[in-house]
file structure.csv (CSV, C-alpha atoms)
chain,number,residue,atom,x,y,z
A,25,MET,CA,99.4,104.3,78.6
A,26,SER,CA,99.7,107.3,76.3
A,27,SER,CA,99.6,110.9,77.6
A,28,ALA,CA,96.5,111.5,75.5
A,29,VAL,CA,94.7,109.1,77.7
A,30,VAL,CA,96.0,110.1,81.1
A,31,GLY,CA,96.4,113.9,80.4
A,32,ALA,CA,99.4,116.2,80.3
A,33,PRO,CA,102.0,116.1,83.0
A,34,GLY,CA,100.8,118.0,86.0
A,35,SER,CA,97.2,118.1,84.9
A,36,PRO,CA,94.3,117.0,87.1
A,37,ARG,CA,93.5,114.2,84.7
A,38,ARG,CA,97.0,112.8,85.1
A,39,TYR,CA,96.8,113.2,88.9
A,40,PHE,CA,93.5,111.3,89.2
A,41,HIS,CA,94.6,108.6,86.8
A,42,SER,CA,97.7,108.0,88.9
A,43,LEU,CA,95.6,108.1,92.1
A,44,TRP,CA,93.2,105.5,90.7
A,45,LEU,CA,96.1,103.2,89.6
A,46,LEU,CA,97.8,103.3,93.0
A,47,SER,CA,94.5,102.8,94.9
A,48,ALA,CA,93.5,99.9,92.6
A,49,ARG,CA,97.0,98.4,93.2
A,50,ASP,CA,96.5,98.6,96.9
A,51,LEU,CA,93.1,96.8,96.7
A,52,ARG,CA,94.5,94.1,94.4
A,53,VAL,CA,97.5,93.4,96.7
A,54,ARG,CA,95.3,93.4,99.8
A,55,TYR,CA,92.7,91.0,98.4
A,56,SER,CA,95.0,88.7,96.5
A,57,THR,CA,97.0,87.9,99.6
A,58,SER,CA,93.9,87.1,101.7
A,59,ALA,CA,91.8,84.0,101.5
A,60,LEU,CA,88.7,85.8,102.8
A,61,GLY,CA,89.2,88.8,100.4
A,62,TYR,CA,86.1,91.0,100.4
A,63,LEU,CA,84.9,89.7,103.8
A,64,TRP,CA,87.8,91.4,105.6
A,65,SER,CA,86.3,94.8,104.7
A,66,VAL,CA,83.1,93.9,106.7
A,67,LEU,CA,84.3,91.4,109.2
A,68,ASP,CA,85.8,93.9,111.7
A,69,PRO,CA,82.8,96.2,111.9
A,70,LEU,CA,80.5,93.1,112.1
A,71,VAL,CA,82.4,91.6,115.0
A,72,MET,CA,82.5,95.0,116.8
A,73,SER,CA,78.8,95.5,116.2
A,74,GLY,CA,78.0,92.0,117.4
A,75,ILE,CA,79.9,92.6,120.6
A,76,TYR,CA,78.4,95.9,121.4
A,77,TRP,CA,74.9,94.7,120.5
A,78,PHE,CA,75.3,91.8,122.8
A,79,VAL,CA,76.7,93.9,125.7
A,80,PHE,CA,74.1,96.6,125.5
A,81,THR,CA,71.0,94.5,124.7
A,82,ARG,CA,71.7,91.2,126.5
A,83,VAL,CA,74.0,92.0,129.4
A,84,PHE,CA,73.2,95.6,130.4
A,85,GLN,CA,70.1,97.7,130.3
A,86,ARG,CA,70.6,100.0,127.3
A,87,ASP,CA,69.5,103.6,127.5
A,88,VAL,CA,71.3,105.0,124.5
A,89,GLY,CA,70.8,104.8,120.8
A,90,GLU,CA,67.6,103.6,119.0
A,91,ASN,CA,66.1,100.4,117.7
A,92,PRO,CA,67.0,98.4,115.8
A,93,TYR,CA,70.2,98.9,117.8
A,94,ILE,CA,72.3,96.8,115.4
A,95,VAL,CA,71.5,99.2,112.6
A,96,PHE,CA,72.2,102.1,114.8
A,97,LEU,CA,75.7,100.7,115.6
A,98,ILE,CA,76.6,99.7,112.0
A,99,THR,CA,75.7,103.1,110.5
A,100,ALA,CA,78.5,104.6,112.6
A,101,LEU,CA,80.9,101.6,112.9
A,102,LEU,CA,81.3,101.2,109.1
A,103,PRO,CA,82.5,104.8,108.6
A,104,TRP,CA,84.6,104.6,111.8
A,105,VAL,CA,86.5,101.7,110.3
A,106,TRP,CA,87.1,103.7,107.2
A,107,PHE,CA,88.3,106.6,109.3
A,108,ASN,CA,90.4,104.5,111.7
A,109,SER,CA,92.1,102.4,109.1
A,110,ALA,CA,92.9,105.4,106.9
A,111,VAL,CA,94.4,107.5,109.7
A,112,THR,CA,96.4,104.5,110.9
A,113,ASP,CA,97.8,104.1,107.4
A,114,PHE,CA,98.7,107.8,107.2
A,115,THR,CA,101.3,107.3,109.9
A,116,ARG,CA,103.4,105.2,107.5
A,117,ALA,CA,102.2,106.5,104.1
A,118,PHE,CA,105.6,107.9,103.1
A,119,ASN,CA,108.0,105.6,105.0
A,120,LYS,CA,106.4,102.5,103.4
A,121,ASP,CA,107.2,103.6,99.8
A,122,ALA,CA,110.1,106.0,100.6
A,123,ARG,CA,112.1,105.2,97.4
A,124,LEU,CA,109.1,105.7,95.2
A,125,VAL,CA,108.1,108.9,97.0
A,126,ARG,CA,111.6,110.4,96.5
A,127,SER,CA,111.9,109.4,92.8
A,128,THR,CA,108.4,110.0,91.5
A,129,SER,CA,107.4,113.1,89.6
A,130,ILE,CA,103.7,113.0,90.6
A,131,PRO,CA,102.5,115.2,93.6
A,132,ARG,CA,103.4,113.5,96.8
A,133,SER,CA,100.0,114.2,98.2
A,134,ILE,CA,98.8,111.3,96.1
A,135,TRP,CA,100.1,109.0,98.8
A,136,VAL,CA,97.5,110.4,101.1
A,137,GLY,CA,94.8,110.4,98.5
A,138,ARG,CA,95.4,106.7,97.6
A,139,ILE,CA,94.7,105.7,101.2
A,140,VAL,CA,91.5,107.7,101.4
A,141,LEU,CA,90.3,106.3,98.1
A,142,SER,CA,91.2,102.7,98.6
A,143,LYS,CA,89.7,102.6,102.2
A,144,GLY,CA,86.7,104.5,100.9
A,145,ILE,CA,86.1,101.9,98.2
A,146,GLU,CA,86.2,99.2,100.9
A,147,PHE,CA,83.6,101.3,102.9
A,148,VAL,CA,81.4,101.4,99.8
A,149,PHE,CA,81.8,97.6,99.4
A,150,SER,CA,80.5,97.2,102.9
A,151,MET,CA,77.2,98.9,102.2
A,152,PRO,CA,75.3,95.7,101.4
A,153,VAL,CA,75.9,94.6,105.0
A,154,LEU,CA,74.2,97.8,106.2
A,155,ALA,CA,71.3,97.2,103.8
A,156,MET,CA,70.9,93.6,104.9
A,157,PHE,CA,70.7,94.5,108.6
A,158,ALA,CA,68.3,97.4,107.9
A,159,ILE,CA,66.0,95.0,106.0
A,160,VAL,CA,66.2,92.2,108.5
A,161,GLY,CA,65.9,94.5,111.5
A,162,GLY,CA,62.9,96.3,110.0
A,163,ALA,CA,64.6,99.8,110.0
A,164,THR,CA,62.5,102.5,108.5
A,165,VAL,CA,64.0,104.8,105.8
A,166,SER,CA,63.3,108.5,105.2
A,167,TRP,CA,64.2,111.0,102.6
A,168,ALA,CA,67.2,112.0,104.8
A,169,LEU,CA,69.0,108.9,103.4
A,170,LEU,CA,69.9,111.3,100.6
A,171,LEU,CA,72.3,112.9,103.0
A,172,PHE,CA,74.3,109.7,103.1
A,173,PRO,CA,76.5,110.7,100.1
A,174,VAL,CA,77.1,114.1,101.8
A,175,ALA,CA,78.5,112.3,104.8
A,176,VAL,CA,80.8,110.3,102.5
A,177,LEU,CA,82.0,113.5,100.8
A,178,LEU,CA,82.6,115.3,104.1
A,179,GLN,CA,84.5,112.3,105.6
A,180,ALA,CA,86.7,112.1,102.5
A,181,ILE,CA,87.5,115.8,102.8
A,182,LEU,CA,88.3,115.5,106.5
A,183,LEU,CA,90.5,112.4,105.9
A,184,VAL,CA,92.5,114.1,103.1
A,185,GLY,CA,93.1,117.1,105.3
A,186,LEU,CA,94.2,114.9,108.3
A,187,GLY,CA,96.4,112.8,106.0
A,188,LEU,CA,98.2,115.8,104.7
A,189,ILE,CA,99.0,116.7,108.3
A,190,VAL,CA,99.6,113.3,109.9
A,191,ALA,CA,101.7,111.7,107.1
A,192,PRO,CA,104.5,114.3,106.9
A,193,LEU,CA,104.6,114.8,110.7
A,194,CYS,CA,105.1,111.1,111.3
A,195,VAL,CA,108.1,111.1,109.0
A,196,LEU,CA,109.7,114.0,110.9
A,197,TRP,CA,108.7,112.7,114.4
A,198,GLY,CA,108.5,108.9,114.5
A,199,ASP,CA,106.9,108.8,117.9
A,200,LEU,CA,103.7,110.3,116.5
A,201,GLU,CA,102.8,107.0,115.0
A,202,ARG,CA,102.2,105.4,118.4
A,203,THR,CA,100.6,108.7,119.7
A,204,THR,CA,98.2,108.7,116.8
A,205,ARG,CA,97.0,105.1,117.6
A,206,LEU,CA,96.4,106.1,121.3
A,207,ILE,CA,94.4,109.2,120.1
A,208,LEU,CA,92.3,107.0,117.8
A,209,ARG,CA,91.4,104.6,120.7
A,210,ALA,CA,90.2,107.6,122.8
A,211,LEU,CA,88.4,109.1,119.8
A,212,PHE,CA,86.4,106.0,119.4
A,213,TYR,CA,84.7,106.5,122.7
A,214,ALA,CA,84.5,110.3,122.3
A,215,SER,CA,82.6,109.9,119.0
A,216,PRO,CA,78.9,109.0,118.8
A,217,ILE,CA,79.2,105.4,117.7
A,218,ILE,CA,77.7,103.3,120.5
A,219,TYR,CA,75.6,106.2,121.5
A,220,GLY,CA,74.1,109.3,119.7
A,221,VAL,CA,74.8,113.0,120.1
A,222,ALA,CA,71.3,113.3,121.7
A,223,ASP,CA,72.3,110.8,124.4
A,224,LEU,CA,75.0,113.1,125.8
A,225,PRO,CA,73.9,115.0,128.9
A,226,GLY,CA,73.9,118.7,129.3
A,227,LEU,CA,77.1,120.5,128.4
A,228,ALA,CA,78.6,117.3,127.1
A,229,ARG,CA,76.2,117.4,124.2
A,230,GLU,CA,77.5,120.8,123.1
A,231,VAL,CA,81.1,119.9,123.6
A,232,GLY,CA,80.6,116.6,121.8
A,233,ALA,CA,79.2,118.4,118.8
A,234,PHE,CA,82.6,119.9,118.2
A,235,ASN,CA,84.0,116.6,117.3
A,236,PRO,CA,83.8,116.6,113.4
A,237,LEU,CA,82.9,113.0,113.4
A,238,ALA,CA,79.7,113.7,115.4
A,239,GLY,CA,78.2,115.7,112.6
A,240,ILE,CA,79.3,113.3,109.9
A,241,PHE,CA,78.0,110.2,111.8
A,242,THR,CA,74.7,112.1,112.3
A,243,LEU,CA,74.4,112.5,108.5
A,244,TYR,CA,75.0,108.7,108.1
A,245,ARG,CA,72.3,107.9,110.7
A,246,VAL,CA,69.6,110.4,110.1
A,247,GLY,CA,68.2,108.5,107.1
A,248,PHE,CA,67.3,105.6,109.4
A,249,PHE,CA,66.8,107.5,112.7
A,250,PRO,CA,65.4,111.1,112.0
A,251,ASP,CA,65.5,111.9,115.7
A,252,GLN,CA,69.3,111.7,115.7
A,253,TRP,CA,69.4,115.0,113.7
A,254,ASP,CA,71.6,117.6,115.5
A,255,THR,CA,72.0,120.9,113.7
A,256,LEU,CA,75.0,122.1,115.7
A,257,SER,CA,77.0,118.9,115.2
A,258,VAL,CA,76.3,118.8,111.5
A,259,ILE,CA,77.3,122.4,110.9
A,260,VAL,CA,80.5,122.0,113.0
A,261,GLY,CA,81.3,118.7,111.1
A,262,ALA,CA,80.9,120.4,107.7
A,263,VAL,CA,82.9,123.5,108.6
A,264,SER,CA,85.6,121.5,110.5
A,265,SER,CA,86.1,119.2,107.6
A,266,VAL,CA,86.7,122.0,105.2
A,267,LEU,CA,89.0,123.9,107.7
A,268,VAL,CA,91.1,120.7,108.3
A,269,PHE,CA,91.4,120.2,104.6
A,270,VAL,CA,92.7,123.8,104.1
A,271,LEU,CA,95.0,123.5,107.1
A,272,GLY,CA,96.3,120.2,105.7
A,273,VAL,CA,97.1,121.7,102.3
A,274,LEU,CA,99.1,124.5,104.0
A,275,VAL,CA,100.9,122.2,106.4
A,276,PHE,CA,101.8,119.8,103.6
A,277,ARG,CA,103.2,122.5,101.4
A,278,ARG,CA,105.4,123.7,104.2
A,279,LEU,CA,106.7,120.2,105.2
A,280,GLU,CA,107.0,118.5,101.9
A,281,ARG,CA,110.6,119.5,101.3
A,282,PRO,CA,111.8,118.6,104.9
A,283,VAL,CA,110.0,115.2,104.5
A,284,LEU,CA,111.8,114.4,101.2
A,285,LYS,CA,115.2,115.2,102.9
A,286,GLU,CA,114.3,113.0,105.8
A,287,LEU,CA,113.3,110.1,103.5
call {"tool": "encode", "arguments": {"input": "structure.csv", "output": "structure tokens"}}
result
Amino acid sequence: MSSAVVGAPGSPRRYFHSLWLLSARDLRVRYSTSALGYLWSVLDPLVMSGIYWFVFTRVFQRDVGENPYIVFLITALLPWVWFNSAVTDFTRAFNKDARLVRSTSIPRSIWVGRIVLSKGIEFVFSMPVLAMFAIVGGATVSWALLLFPVAVLLQAILLVGLGLIVAPLCVLWGDLERTTRLILRALFYASPIIYGVADLPGLAREVGAFNPLAGIFTLYRVGFFPDQWDTLSVIVGAVSSVLVFVLGVLVFRRLERPVLKEL
């Protein structure tokens, strides 16, 4: 494609064009090699939601979350799948395409951005599932649903920042890949997914609010469950996302050259 279309070398237009091409390639490869295709982007959160719904509504007496509980679960599980799959892919973002990373002239941060974008597109593709359960479950919708795109933006900013930190560190220290997976497992239960921030008792509620995902998941949920609004967690989530992004940029600039030598 001509430079007039994609922009001059080093320009934002060229960067985002390359980002889109790489992300689109990832999606094509993922879906072309899978018989279920699109269904894989929603199957995992659907299975998880079904399990937790059954456990907390049919096996145990549930005292967390709100009704319809399946909608309560899905509003957090879908963005969690985006977060979890993106961070997992960050751990091998550079090693997977080491030759291309070394030889390309485009900014290496694009290997982080492509993961965030491709996984984010899969997240958007899963929105009809949320809409379907909201309609079937009889969930009410308020004006706060307009905050949903804000949550998407904050999560994307947070993920890019984390990726700029995790991706280069995993090249320099290979054991961090397994460590990251262990942290993600613990983070699932430390995040308000099967419960809400308001369900945490006493001091745990204030401590839990300092998990950036708590505020982001609150923004996803509040359009369906207004009582889930928690000002502290939302403020912390927004500020933390921006701070992690800035920290990621600084860390990446410092580690980019050592990473290229290691590759």
call {"tool": "closest_residue", "arguments": {"input": "structure.csv", "among": "A:Val125, A:Leu182, A:Leu67, A:Ala238", "to": "Ile217 of chain A", "atoms": "only C-alpha atoms"}}
result
A:Ala238
call {"tool": "closest_residue", "arguments": {"input": "structure.csv", "among": "A:Trp167, A:Phe269, A:Tyr219, A:Phe248", "to": "Trp77 of chain A", "atoms": "all atoms listed in the file"}}
result
A:Tyr219
call {"tool": "residues_around", "arguments": {"input": "structure.csv", "residues": "Arg205 of chain A", "least_positions_apart": "2", "cutoff": "12 Å", "atoms": "all atoms listed in the file", "output": "list in words"}}
result
Asn108, Ser109, Ala110, Val111, Thr112, Asp113, Phe114, Thr115, Arg116, Val190, Cys194, Asp199, Leu200, Glu201, Arg202, Thr203, Ile207, Leu208, Arg209, Ala210, Leu211 and Phe212 of chain A
call {"tool": "atom_distance", "arguments": {"input": "structure.csv", "atom1": "atom CA of Ala163 of chain A", "atom2": "atom CA of Pro92 of chain A"}}
result
6.4 Å
call {"tool": "residues_around", "arguments": {"input": "structure.csv", "residues": "Gly247 of chain A", "least_positions_apart": "6", "cutoff": "9 Å", "atoms": "all atoms listed in the file", "output": "JSON, numbers by chain"}}
result
{"A": [164, 165, 166, 167, 168, 169, 170, 171, 172]}
call {"tool": "residues_near_point", "arguments": {"input": "structure.csv", "point": "(114.3, 109.1, 106.4)", "cutoff": "8 Å", "atoms": "all atoms listed in the file", "output": "list in words"}}
result
Asn119, Ala122, Val195, Val283, Leu284, Lys285, Glu286 and Leu287 of chain A
call {"tool": "closest_residue", "arguments": {"input": "structure.csv", "among": "A:Trp197, A:Phe118, A:Phe149, A:Phe241", "to": "Ile134 of chain A", "atoms": "all atoms listed in the file"}}
result
A:Phe118
call {"tool": "closest_residue", "arguments": {"input": "structure.csv", "among": "A:Leu141, A:Val105, A:Ile240, A:Leu267", "to": "Gln252 of chain A", "atoms": "only C-alpha atoms"}}
result
A:Ile240
call {"tool": "closest_residue", "arguments": {"input": "structure.csv", "among": "A:Val266, A:Ala191, A:Gly261, A:Met72", "to": "Ser215 of chain A", "atoms": "all atoms listed in the file"}}
result
A:Gly261
call {"tool": "closest_atom_pairs", "arguments": {"input": "structure.csv", "of": "segment 134-226 of chain A", "to": "segment 39-53 of chain A", "cutoff": "12 Å", "atoms": "only C-alpha atoms", "output": "tab-separated table"}}
result
residue	atom	partner	partner_atom	distance
A:Ile134	CA	A:Leu43	CA	6.0
A:Trp135	CA	A:Leu43	CA	8.1
A:Val136	CA	A:Leu43	CA	9.5
A:Gly137	CA	A:Leu43	CA	6.8
A:Arg138	CA	A:Ser47	CA	4.8
A:Ile139	CA	A:Ser47	CA	6.9
A:Val140	CA	A:Ser47	CA	8.7
A:Leu141	CA	A:Ser47	CA	6.3
A:Ser142	CA	A:Ser47	CA	5.0
A:Lys143	CA	A:Leu51	CA	8.7
A:Gly144	CA	A:Ser47	CA	10.0
A:Ile145	CA	A:Leu51	CA	8.8
A:Glu146	CA	A:Leu51	CA	8.4
A:Phe149	CA	A:Leu51	CA	11.6
call {"tool": "closest_residue", "arguments": {"input": "structure.csv", "among": "A:Ala222, A:Leu63, A:Val273, A:Val246", "to": "Pro192 of chain A", "atoms": "all atoms listed in the file"}}
result
A:Val273
call {"tool": "residues_around", "arguments": {"input": "structure.csv", "residues": "Leu237 of chain A", "least_positions_apart": "3", "cutoff": "10 Å", "atoms": "all atoms listed in the file", "output": "list in words"}}
result
Ala100, Pro103, Trp104, Phe107, Ala175, Leu178, Gln179, Leu182, Leu211, Phe212, Ala214, Ser215, Pro216, Ile217, Gly232, Ala233, Phe234, Ile240, Phe241, Thr242, Leu243, Ser257, Val258, Val260, Gly261, Ala262, Ser264 and Ser265 of chain A
call {"tool": "atom_distance", "arguments": {"input": "structure.csv", "atom1": "atom CA of Arg245 of chain A", "atom2": "atom CA of Arg229 of chain A"}}
result
17.0 Å
call {"tool": "residues_around", "arguments": {"input": "structure.csv", "residues": "Asn91 of chain A", "least_positions_apart": "3", "cutoff": "10 Å", "atoms": "only C-alpha atoms", "output": "list in words"}}
result
Val88, Ile94, Val95, Phe96, Leu97, Gly161, Gly162, Ala163, Phe248 and Phe249 of chain A
call {"tool": "atom_distance", "arguments": {"input": "structure.csv", "atom1": "atom CA of Thr255 of chain A", "atom2": "atom CA of Leu274 of chain A"}}
result
29.0 Å
call {"tool": "axis_aligned_box", "arguments": {"input": "structure.csv", "around": "segment 126-144 of chain A", "padding_each_side": "8 Å", "output": "AutoDock Vina command-line options"}}
result
--center_x 99.3 --center_y 108.9 --center_z 95.9 --size_x 41.2 --size_y 28.6 --size_z 28.6
call {"tool": "decode", "arguments": {"input": "structure.csv", "residues": "segment 91-209 of chain A", "atoms": "C-alpha atoms", "output": "PDB file, in the first residue's frame"}}
result
ATOM      1  CA  ASN A  91     -30.369 -10.378  40.300  1.00  0.00           C
ATOM      2  CA  PRO A  92     -30.371 -11.455  37.547  1.00  0.00           C
ATOM      3  CA  TYR A  93     -27.138 -13.012  38.782  1.00  0.00           C
ATOM      4  CA  ILE A  94     -26.170 -14.388  35.364  1.00  0.00           C
ATOM      5  CA  VAL A  95     -26.080 -10.822  34.010  1.00  0.00           C
ATOM      6  CA  PHE A  96     -24.145  -9.717  37.088  1.00  0.00           C
ATOM      7  CA  LEU A  97     -21.542 -12.395  36.331  1.00  0.00           C
ATOM      8  CA  ILE A  98     -21.269 -11.806  32.596  1.00  0.00           C
ATOM      9  CA  THR A  99     -20.790  -8.030  32.914  1.00  0.00           C
ATOM     10  CA  ALA A 100     -17.507  -8.730  34.712  1.00  0.00           C
ATOM     11  CA  LEU A 101     -16.509 -12.083  33.207  1.00  0.00           C
ATOM     12  CA  LEU A 102     -16.436 -10.803  29.633  1.00  0.00           C
ATOM     13  CA  PRO A 103     -13.975  -7.982  30.389  1.00  0.00           C
ATOM     14  CA  TRP A 104     -12.017 -10.354  32.638  1.00  0.00           C
ATOM     15  CA  VAL A 105     -11.519 -12.734  29.708  1.00  0.00           C
ATOM     16  CA  TRP A 106     -10.200  -9.782  27.674  1.00  0.00           C
ATOM     17  CA  PHE A 107      -7.848  -8.828  30.510  1.00  0.00           C
ATOM     18  CA  ASN A 108      -6.686 -12.364  31.276  1.00  0.00           C
ATOM     19  CA  SER A 109      -6.085 -13.429  27.678  1.00  0.00           C
ATOM     20  CA  ALA A 110      -4.255 -10.192  26.834  1.00  0.00           C
ATOM     21  CA  VAL A 111      -1.915 -10.350  29.845  1.00  0.00           C
ATOM     22  CA  THR A 112      -1.240 -14.027  29.147  1.00  0.00           C
ATOM     23  CA  ASP A 113      -0.269 -13.199  25.560  1.00  0.00           C
ATOM     24  CA  PHE A 114       1.958 -10.340  26.754  1.00  0.00           C
ATOM     25  CA  THR A 115       4.274 -12.895  28.342  1.00  0.00           C
ATOM     26  CA  ARG A 116       5.285 -14.192  24.898  1.00  0.00           C
ATOM     27  CA  ALA A 117       4.566 -11.128  22.766  1.00  0.00           C
ATOM     28  CA  PHE A 118       8.183 -10.660  21.640  1.00  0.00           C
ATOM     29  CA  ASN A 119       9.504 -14.222  21.803  1.00  0.00           C
ATOM     30  CA  LYS A 120       6.725 -15.439  19.521  1.00  0.00           C
ATOM     31  CA  ASP A 121       7.788 -13.152  16.639  1.00  0.00           C
ATOM     32  CA  ALA A 122      11.413 -12.576  17.641  1.00  0.00           C
ATOM     33  CA  ARG A 123      12.754 -12.391  14.084  1.00  0.00           C
ATOM     34  CA  LEU A 124      10.137  -9.887  12.980  1.00  0.00           C
ATOM     35  CA  VAL A 125      10.579  -7.806  16.130  1.00  0.00           C
ATOM     36  CA  ARG A 126      14.329  -7.540  15.490  1.00  0.00           C
ATOM     37  CA  SER A 127      14.060  -6.688  11.808  1.00  0.00           C
ATOM     38  CA  THR A 128      11.052  -4.387  11.663  1.00  0.00           C
ATOM     39  CA  SER A 129      11.312  -0.624  11.510  1.00  0.00           C
ATOM     40  CA  ILE A 130       7.962   0.041  13.180  1.00  0.00           C
ATOM     41  CA  PRO A 131       7.874   0.789  16.937  1.00  0.00           C
ATOM     42  CA  ARG A 132       8.160  -2.418  18.949  1.00  0.00           C
ATOM     43  CA  SER A 133       5.343  -1.289  21.225  1.00  0.00           C
ATOM     44  CA  ILE A 134       3.009  -2.288  18.414  1.00  0.00           C
ATOM     45  CA  TRP A 135       3.411  -5.932  19.499  1.00  0.00           C
ATOM     46  CA  VAL A 136       1.691  -4.987  22.722  1.00  0.00           C
ATOM     47  CA  GLY A 137      -0.937  -2.840  21.031  1.00  0.00           C
ATOM     48  CA  ARG A 138      -1.900  -5.591  18.591  1.00  0.00           C
ATOM     49  CA  ILE A 139      -2.730  -7.934  21.466  1.00  0.00           C
ATOM     50  CA  VAL A 140      -4.851  -5.338  23.252  1.00  0.00           C
ATOM     51  CA  LEU A 141      -6.690  -4.465  20.043  1.00  0.00           C
ATOM     52  CA  SER A 142      -7.321  -8.008  18.782  1.00  0.00           C
ATOM     53  CA  LYS A 143      -8.502  -9.217  22.198  1.00  0.00           C
ATOM     54  CA  GLY A 144     -10.558  -6.040  22.548  1.00  0.00           C
ATOM     55  CA  ILE A 145     -12.292  -6.747  19.234  1.00  0.00           C
ATOM     56  CA  GLU A 146     -13.155 -10.221  20.485  1.00  0.00           C
ATOM     57  CA  PHE A 147     -14.577  -8.593  23.605  1.00  0.00           C
ATOM     58  CA  VAL A 148     -16.758  -6.310  21.473  1.00  0.00           C
ATOM     59  CA  PHE A 149     -17.900  -9.332  19.451  1.00  0.00           C
ATOM     60  CA  SER A 150     -19.130 -10.904  22.692  1.00  0.00           C
ATOM     61  CA  MET A 151     -21.480  -8.021  23.504  1.00  0.00           C
ATOM     62  CA  PRO A 152     -24.517  -9.669  21.823  1.00  0.00           C
ATOM     63  CA  VAL A 153     -24.245 -12.410  24.444  1.00  0.00           C
ATOM     64  CA  LEU A 154     -24.519  -9.850  27.238  1.00  0.00           C
ATOM     65  CA  ALA A 155     -27.463  -8.191  25.501  1.00  0.00           C
ATOM     66  CA  MET A 156     -29.207 -11.546  25.068  1.00  0.00           C
ATOM     67  CA  PHE A 157     -28.923 -12.499  28.748  1.00  0.00           C
ATOM     68  CA  ALA A 158     -29.939  -9.001  29.825  1.00  0.00           C
ATOM     69  CA  ILE A 159     -33.127  -9.277  27.764  1.00  0.00           C
ATOM     70  CA  VAL A 160     -33.930 -12.868  28.743  1.00  0.00           C
ATOM     71  CA  GLY A 161     -33.102 -12.211  32.398  1.00  0.00           C
ATOM     72  CA  GLY A 162     -35.192  -9.070  32.528  1.00  0.00           C
ATOM     73  CA  ALA A 163     -32.332  -6.806  33.590  1.00  0.00           C
ATOM     74  CA  THR A 164     -33.147  -3.128  33.826  1.00  0.00           C
ATOM     75  CA  VAL A 165     -31.009  -0.551  32.025  1.00  0.00           C
ATOM     76  CA  SER A 166     -30.217   2.967  33.251  1.00  0.00           C
ATOM     77  CA  TRP A 167     -28.476   5.993  31.779  1.00  0.00           C
ATOM     78  CA  ALA A 168     -25.284   4.779  33.472  1.00  0.00           C
ATOM     79  CA  LEU A 169     -24.926   2.314  30.595  1.00  0.00           C
ATOM     80  CA  LEU A 170     -23.259   5.274  28.840  1.00  0.00           C
ATOM     81  CA  LEU A 171     -20.283   4.650  31.140  1.00  0.00           C
ATOM     82  CA  PHE A 172     -19.691   1.284  29.445  1.00  0.00           C
ATOM     83  CA  PRO A 173     -17.422   2.816  26.727  1.00  0.00           C
ATOM     84  CA  VAL A 174     -15.505   4.633  29.470  1.00  0.00           C
ATOM     85  CA  ALA A 175     -14.786   1.269  31.073  1.00  0.00           C
ATOM     86  CA  VAL A 176     -13.587  -0.099  27.716  1.00  0.00           C
ATOM     87  CA  LEU A 177     -11.236   2.864  27.268  1.00  0.00           C
ATOM     88  CA  LEU A 178      -9.818   2.608  30.786  1.00  0.00           C
ATOM     89  CA  GLN A 179      -9.272  -1.122  30.429  1.00  0.00           C
ATOM     90  CA  ALA A 180      -7.470  -0.618  27.110  1.00  0.00           C
ATOM     91  CA  ILE A 181      -5.220   2.031  28.693  1.00  0.00           C
ATOM     92  CA  LEU A 182      -4.501  -0.242  31.661  1.00  0.00           C
ATOM     93  CA  LEU A 183      -3.724  -3.200  29.401  1.00  0.00           C
ATOM     94  CA  VAL A 184      -1.345  -1.242  27.169  1.00  0.00           C
ATOM     95  CA  GLY A 185       0.530  -0.029  30.246  1.00  0.00           C
ATOM     96  CA  LEU A 186       0.751  -3.544  31.696  1.00  0.00           C
ATOM     97  CA  GLY A 187       1.818  -4.949  28.341  1.00  0.00           C
ATOM     98  CA  LEU A 188       4.661  -2.451  28.024  1.00  0.00           C
ATOM     99  CA  ILE A 189       5.911  -3.692  31.392  1.00  0.00           C
ATOM    100  CA  VAL A 190       5.188  -7.424  31.234  1.00  0.00           C
ATOM    101  CA  ALA A 191       6.266  -8.112  27.637  1.00  0.00           C
ATOM    102  CA  PRO A 192       9.893  -6.888  27.906  1.00  0.00           C
ATOM    103  CA  LEU A 193      10.366  -8.253  31.434  1.00  0.00           C
ATOM    104  CA  CYS A 194       9.307 -11.739  30.289  1.00  0.00           C
ATOM    105  CA  VAL A 195      11.997 -11.649  27.603  1.00  0.00           C
ATOM    106  CA  LEU A 196      14.691 -10.739  30.136  1.00  0.00           C
ATOM    107  CA  TRP A 197      13.437 -13.095  32.858  1.00  0.00           C
ATOM    108  CA  GLY A 198      11.721 -16.169  31.442  1.00  0.00           C
ATOM    109  CA  ASP A 199      10.337 -17.360  34.811  1.00  0.00           C
ATOM    110  CA  LEU A 200       8.027 -14.343  34.877  1.00  0.00           C
ATOM    111  CA  GLU A 201       5.749 -16.055  32.356  1.00  0.00           C
ATOM    112  CA  ARG A 202       4.719 -18.707  34.885  1.00  0.00           C
ATOM    113  CA  THR A 203       4.668 -16.158  37.697  1.00  0.00           C
ATOM    114  CA  THR A 204       2.282 -13.968  35.709  1.00  0.00           C
ATOM    115  CA  ARG A 205      -0.129 -16.869  35.244  1.00  0.00           C
ATOM    116  CA  LEU A 206      -0.147 -17.550  38.988  1.00  0.00           C
ATOM    117  CA  ILE A 207      -0.814 -13.875  39.694  1.00  0.00           C
ATOM    118  CA  LEU A 208      -3.714 -13.902  37.233  1.00  0.00           C
ATOM    119  CA  ARG A 209      -5.315 -16.856  39.019  1.00  0.00           C
TER     120      ARG A 209
END
